[in-house]
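In what follows, a structure is listed as structure tokens, so that the remarks can point back to it.
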Amino acid sequence: MRKDIIAVFLIVLIVAVLIGGTDIQSVDEYYLTHIDDITPDSETVTLSIRCDTILDNYDDLDPTLRSEEFVPKDGVILPPTEYVLRHGDTAFDILDRATRHNKIQMEYQGEDRTGYGSVYIKGINNLYEYSCGPLSGWIYRVDGEIRNIGCSKDTLRDGQTVEFIYTCDLGRDIGNSTVTEGSDMP
Amino acid sequence: MEILHIEDLSFRYPKAERNALSSVSFSVKRGEFIVVCGESGCGKTTLLRLLKSEISPAGDLSGSVKYLGEDSLEIGFVMQDPDSQIVTDTVWHELAFGLENLGLPCDVIRRRVGETACYFGIEELFRRKTDGLSGGQKQLLNLAAVTAMQPKVLILDEPTGQLDPIAASEFIATLSKLNRELGMTVILAEHRLDEVFPIADRVLVMEDGRAVLFDLPEKIGGELMKLGKDHPMLEALPSTVRICGSLGYEEKIPITVREGRDFIENHFGGKKAVLPEKEYIPGDSIAVELKNVFFRYERDLPDILRGTSAKIYAGEIFAILGGNGSGKTTMLNVIGGLLKPYRGKVLVAERPVGAYKGNSLYRQNLAILPQNPRALFVRDTVGADLAEVPEARGVKKSEREALVVSVAKRLKILHLLKKNPFDLSGGEQQKCALAKVLLSEPRIVLLDEPTKGIDASAKRGLSEILSELKSAGVTVIIVTHDTEFAAENADRCALFFDGELIAEDIPQRFFGGNTFYTTAANRIVREVCPNAVTVGQAVGSLANGDTK
Amino acid sequence: MKAFGSFHPAVLLTYFVAIIGIFMFASNPVMRVTALLGGILFCLLLQKKREIPGNLGFYIPLFLLVAVTNPLFSHAGVTPLFFLNGNPVTLEASVYGVFLAVTVIGVMMWCKCYSEIMTGDKFLYLFGSIVPKLSLTLSMAFRFLPLFVRRMKTVTTARRGLGLYSQRGFVDRIKGTGQVFLSVISWSLENAMETSMSMRARAYGKAKRTSFSLFRFTMRDGVMIFVTLLLFALTVTGMASGATDFFFYPRIGELSLSPLAVTAYSSFAILAFLPFVIEVRGALLWRYYISRI
């Protein structure tokens, strides 16, 4: 009985290692991301990360996050910034590169684990889904339009504007009515 | 002063053809010790239950039973089966059960339970589970639980029937102590009379629902003989009474071994007789052989069989005697292949037990009669139960009936075939179980305590069956506590002690050579005739001699 | 060596409910660690010496495994230590893993102590005092079950000794067992008649029953239950005021050292170490008495 308990734990660990691999990077290595310099020829997109909806729903926010460290006064985690668009880049690639470059914490669920073939963004800057009420989480807009496909499936074009926005009400608080509960968030 | 007065009591069970009791009259004085005896089915149990109104059976009653105390709750009742009377799971709760029912406050219960446990010497059992107790301990607990309610009268219906002799003696001794020290009136139904005659004030003998005698114990022998020279109850009397009675002394007959010895000393002192020993030559072939057998139940437990060796010849009746928990039954089960020894060899019909495949060991070869015959009954009627054996042996349906009937005839149980096995008396159950054993047509029969809980006439019936089996060439191995039965029936006896069989010999030499472990008859006459071990031999050795 | 176990069952139940309850709801590292230590010490006294190495061999690996598992699956926290497959392994998640391990082992320790101390009869007694009828019924059931099992064995063995068993396969064997089962049932029914007679003979149903038990509520039990409830109340007050709240994510919070919090910590620590102290005191007293003899 006791041996079984230990064995179950070990098996879970081993399976996790086998599936996930053991690619260990130090903090510096992880954040050391090459950002291409913008030249006149390069194709670019503009990325911003915002959480200003939280400011209107501060009472719903998890008490442990009520700090400027996680929710800046103006709600801007990353101001609109231009990034070079490499060929075939998706919204997720840009987000990943930008957060690494700026050392912004970001956690996602990989494509293989979400069940709909795209990455799911669980949290940025320690603001997680459900951190501010039961309908809260991250969604994203491209050129002002809320996208209903996964962000790692969404290939970008030159000059587009990508916004990752924290919503407290399934996107309705940022002027969207098409997103319903259960639909794919970015 | 009278405490119970029974006058012209008759009783008939509903739908019964005849009375279970007919015009019984007697009265019991306060503080008396009354022994009730009679063959099974004579109405003892009915009478005793009618004395306590809470458990009286339903039926037609005439005459009267009067308890002259305050409340019938002052009558305590103990039955035969130790197991079925225990209601709760722990000893302390069992002791408290009756007192709880009376609604006594906890402090009073605590005190009564405590003093009862002390008086009965069961303090160390106090917190034990009732299921883990031995039969003797259970019955003592039943007595203690009744006594805790402070009864004025104790009624006991064959309370020692399921106990071995040592536990039975202890139980009777406790009962006698309650009677002597606390003045409790005791009414005890028994068929082992050797121990209760000496402590009884009066004995009530019952026959067919009538009270035929109610007299002092020393008068009973003589009175019974006046009723008839071969009255069935004579056999049940203590050995002393039987020997001295048979020698023709009908006035005050001695009832204890000591009185018996004095009696012999006075009348036959100085005489020396040695009975001729019957030469016993066993057959050539060996039915069962044990070679240096070791057995234990678990690795950490001590050995039960410690290098046991024995040869039991074909066609003999071999009795294994021994103390309580010495491992006699274990040995029987090892022979019967139910337990496997970890070292040594067990040969049945000169073949190792292990070499019998499947249940071929039990096919017309070997059969065991368990200690509790009830364990063998699984059907609604005795007949169906018996038919099970030929069925298992693969006998054709048409022939089964005839087989069953022939065995039933041999054992004189034809009239029981339609009955439910659970409605039978102890002796009848024993016979039916034996019938089941014989239906497998064994060459070797192992009997585990066959005389437990059966009365004298059932014992005689068993003796007859055994001698019949012997004449048919069947080997019989009996494990028993009953020295009298072994002395009467066995060809050879052996003592099982310390994991080994010792002192194998014919009964006359076996018991004649023992000082402690011997029959009551031998104890009485050993000064005069050391090798007389049965009542018959004792009487024979003395009757031929001259009296002083 | 069961000084603590000798308290009245109601006291023991109160104690265990209090300690395990607080333990579950107070997510405060100080309180969990004190409870764990108290549980370990108590457990050490309760078990046999030779069982200890085996237990260490179980609990230490379990502790490590639980502690390691959390940071592998939870990536929250602001202080990454390193990245595994692109996901951060954070300081916060690691510390929380240790905290989880303390919780798991602590609960196991206390449950072990509970089962060691609150034996079946005590539990039954507590239930029985709520419903007296039930207590007798249970007692009778616990009397009946082993008897039934023993009879099943007796009948099976008896039948084996006559060769009345089938070796022809599964269906026959089931049939045989069913037969034995039915016969033991009817044996038991017949037995029940005698049991009910034995009950009636002992005045069952004649008066309103009282319920006797060996447990007695003494002064000592009264003091103990009072102390337990007092410490429980002090701790719960601290918890309810939020003084003992503690956060691991996203950044490990600060431990409150306000008077309320400190009162809660110390009351709970006393509560957690109480059985250990009582046991040790019992053992010392015993040794003292022995030395006097």
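Ligands are numbered from 1 in the order shown, chains are lettered A, B, ... in the order of the structure tokens, and residues start at 1 in each chain.
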
Taking only C-alpha atoms into account, which residues of chain B are within 7 Å of chain C, as a PyMOL selection string?
-> chain B and resi 54-55+73+76-77+84-89+96+98+100-106+131+146+336+338+358-359+362+367-368+370+375-376+378-379+389+392+437

Can you pull out every residue within 8 Å of Pro80 in chain A, counting only C-alpha atoms, but drop anything in the same chain fewer than 5 positions away, and send it as a PyMOL selection string?
-> chain A and resi 46-49

Hey, can you spit out that residue selection with C-alpha atoms as a PDB file, in the first residue's frame?
ATOM      1  CA  THR A  46       2.805  46.586 -33.078  1.00  0.00           C
ATOM      2  CA  LEU A  47       2.148  44.752 -29.779  1.00  0.00           C
ATOM      3  CA  SER A  48       0.655  46.046 -26.573  1.00  0.00           C
ATOM      4  CA  ILE A  49      -0.419  44.318 -23.333  1.00  0.00           C
TER       5      ILE A  49
END

Using only C-alpha atoms, tabulate the residues of chain A lying at most 7 Å from any atom of chain C, each with its closest atom pair and that distance in Å to one decimal, by chain and increasing residue number, as a tab-separated table.
residue	atom	partner	partner_atom	distance
A:Arg2	CA	C:Phe58	CA	6.9
A:Ile6	CA	C:Leu62	CA	6.2
A:Phe9	CA	C:Leu65	CA	6.8
A:Gly20	CA	C:Asn85	CA	6.7
A:Gly21	CA	C:Asn85	CA	6.8
A:Thr22	CA	C:Asn85	CA	6.4
A:Asp23	CA	C:Asn85	CA	4.8
A:Ile24	CA	C:Leu84	CA	4.7
A:Gln25	CA	C:Phe83	CA	4.9
A:Ser26	CA	C:Phe82	CA	4.6
A:Val27	CA	C:Phe82	CA	5.0
A:Tyr30	CA	C:Phe83	CA	6.8
A:Thr64	CA	C:Phe247	CA	6.9
A:Glu107	CA	C:His75	CA	6.9
A:Asn126	CA	C:Pro250	CA	6.3

Quote the spacing between CA of Asp56 in chain A and CA of Leu255 in chain C in Å to one decimal place.
->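 It comes out at 29.8 Å.
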
Can you tell me, as a PyMOL selection string, what residues are no more than 9 Å from Ile454 in chain B when counting only C-alpha atoms, ignoring any on the same chain fewer than 5 positions away?
-> chain B and resi 40+161+191+425-428+430+459

For range 30-45 of chain C, list every protein, DNA or RNA residue within 7 Å, evaluated using only C-alpha atoms, and leave out those in the same chain fewer than 4 positions away; present the list as a list in words.
->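 What passes the distance filter is Phe23, Val102, Thr103, Gly106, Met109, Trp110, Cys113, Tyr265, Phe268, Ala269, Ala272, Phe273, Pro275 and Phe276 of chain C.
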
Per-residue DSSP, chain A, filtered to helix (DSSP H, G or I), as a PyMOL selection string | chain A and resi 2-20+27-31+52-56+58-60+63-65+91-101+111-114+172-174

Do you have the CA of Cys51 in chain A-CA of Ile35 in chain A distance handy?
->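 One can read the CA of Cys51 in chain A to CA of Ile35 in chain A distance as 24.5 Å.
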
Quick one: residues within 8 Å of Cys151 in chain A, only C-alpha atoms counted, chain neighbours fewer than 5 positions away excluded, as a compact mmCIF listing (two decimals) with C-alpha atoms, in the first residue's frame?
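Contents of out_9.txt, as written:
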# COMPACT_ATOMS: atom_id res chain seq x y z
CA THR A 90 1.90 34.10 -35.17
CA ALA A 91 0.47 36.35 -32.48
CA PHE A 92 1.84 33.95 -29.92
CA SER A 118 -3.46 26.08 -30.09
CA VAL A 119 -1.56 27.57 -27.19
CA TYR A 120 -3.67 28.89 -24.36
CA TYR A 140 -6.39 39.42 -27.91
CA PRO A 186 -6.43 33.27 -27.21

Near Leu78 in chain A, counting only C-alpha atoms, which residues have an atom at most 12 Å away, once you skip same-chain residues fewer than 5 positions from it, shown as number ranges by chain?
-> A: 46-52, 70-72, 95, 98-105, 124-125, 162-165

Output C-alpha atoms for every residue in the selection just made, as a PDB file, in the first residue's frame.
ATOM      1  CA  THR A  46       2.805  46.586 -33.078  1.00  0.00           C
ATOM      2  CA  LEU A  47       2.148  44.752 -29.779  1.00  0.00           C
ATOM      3  CA  SER A  48       0.655  46.046 -26.573  1.00  0.00           C
ATOM      4  CA  ILE A  49      -0.419  44.318 -23.333  1.00  0.00           C
ATOM      5  CA  ARG A  50      -3.065  45.970 -21.169  1.00  0.00           C
ATOM      6  CA  CYS A  51      -5.128  45.196 -18.130  1.00  0.00           C
ATOM      7  CA  ASP A  52      -7.087  48.419 -17.602  1.00  0.00           C
ATOM      8  CA  PHE A  70       1.034  43.363 -11.144  1.00  0.00           C
ATOM      9  CA  VAL A  71      -1.590  45.942 -12.093  1.00  0.00           C
ATOM     10  CA  PRO A  72       0.130  49.164 -13.146  1.00  0.00           C
ATOM     11  CA  LEU A  95       3.973  37.745 -27.521  1.00  0.00           C
ATOM     12  CA  ALA A  98       8.219  40.402 -26.482  1.00  0.00           C
ATOM     13  CA  THR A  99       7.576  39.082 -22.955  1.00  0.00           C
ATOM     14  CA  ARG A 100      10.941  37.402 -22.845  1.00  0.00           C
ATOM     15  CA  HIS A 101      12.636  40.496 -24.099  1.00  0.00           C
ATOM     16  CA  ASN A 102      10.958  42.632 -21.485  1.00  0.00           C
ATOM     17  CA  LYS A 103      11.194  39.987 -18.767  1.00  0.00           C
ATOM     18  CA  ILE A 104       7.458  39.930 -18.301  1.00  0.00           C
ATOM     19  CA  GLN A 105       6.222  36.733 -16.652  1.00  0.00           C
ATOM     20  CA  ILE A 124       0.773  37.347 -18.056  1.00  0.00           C
ATOM     21  CA  ASN A 125       2.574  39.345 -15.412  1.00  0.00           C
ATOM     22  CA  VAL A 162      -1.837  43.148 -31.800  1.00  0.00           C
ATOM     23  CA  GLU A 163      -3.306  43.881 -28.390  1.00  0.00           C
ATOM     24  CA  PHE A 164      -3.389  41.367 -25.497  1.00  0.00           C
ATOM     25  CA  ILE A 165      -6.092  42.570 -23.157  1.00  0.00           C
TER      26      ILE A 165
END

Surrounding residues of Leu13 in chain C excluding itself and chain neighbours under 5 positions, 9 Å, only C-alpha atoms, as a ChimeraX atom specification | /C:8,18,114,118,123,126

Produce a file of the selected residues containing N, CA and C atoms, as a CSV table (one decimal), in the first residue's frame.
chain,number,residue,atom,x,y,z
C,8,HIS,N,-11.6,10.5,28.1
C,8,HIS,CA,-13.0,10.1,27.7
C,8,HIS,C,-13.1,10.3,26.1
C,18,ALA,N,-10.7,19.4,16.5
C,18,ALA,CA,-10.2,20.8,16.6
C,18,ALA,C,-8.8,20.8,15.9
C,114,TYR,N,-5.0,9.5,15.2
C,114,TYR,CA,-6.4,9.3,15.5
C,114,TYR,C,-6.8,7.9,15.5
C,118,MET,N,-8.4,6.6,18.8
C,118,MET,CA,-9.8,6.4,18.7
C,118,MET,C,-10.2,5.1,18.2
C,123,PHE,N,-15.3,4.9,19.4
C,123,PHE,CA,-16.1,5.5,18.4
C,123,PHE,C,-17.6,5.0,18.5
C,126,LEU,N,-19.4,6.6,21.4
C,126,LEU,CA,-19.8,7.9,21.1
C,126,LEU,C,-21.1,7.9,20.3

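Minimum distance to Glu116 in chain C across C:Ala261, C:Leu189, C:Ile60, C:Leu46 (counting only C-alpha atoms) occurs at C:Leu46.
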
Counting only C-alpha atoms, the option among A:Arg86, A:Arg172, A:Lys153, A:Arg97 closest to Ile139 in chain A |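 The closest residue to Ile139 in chain A is A:Arg172.
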
Taking the backbone alone, and naming residues the way the document does, which bits of range 68-244 of chain B are strand (DSSP E or B) by DSSP, as an MDAnalysis selection string?
-> chainID B and resid 75:78 90 129 153:157 185:189 202:207 210:215
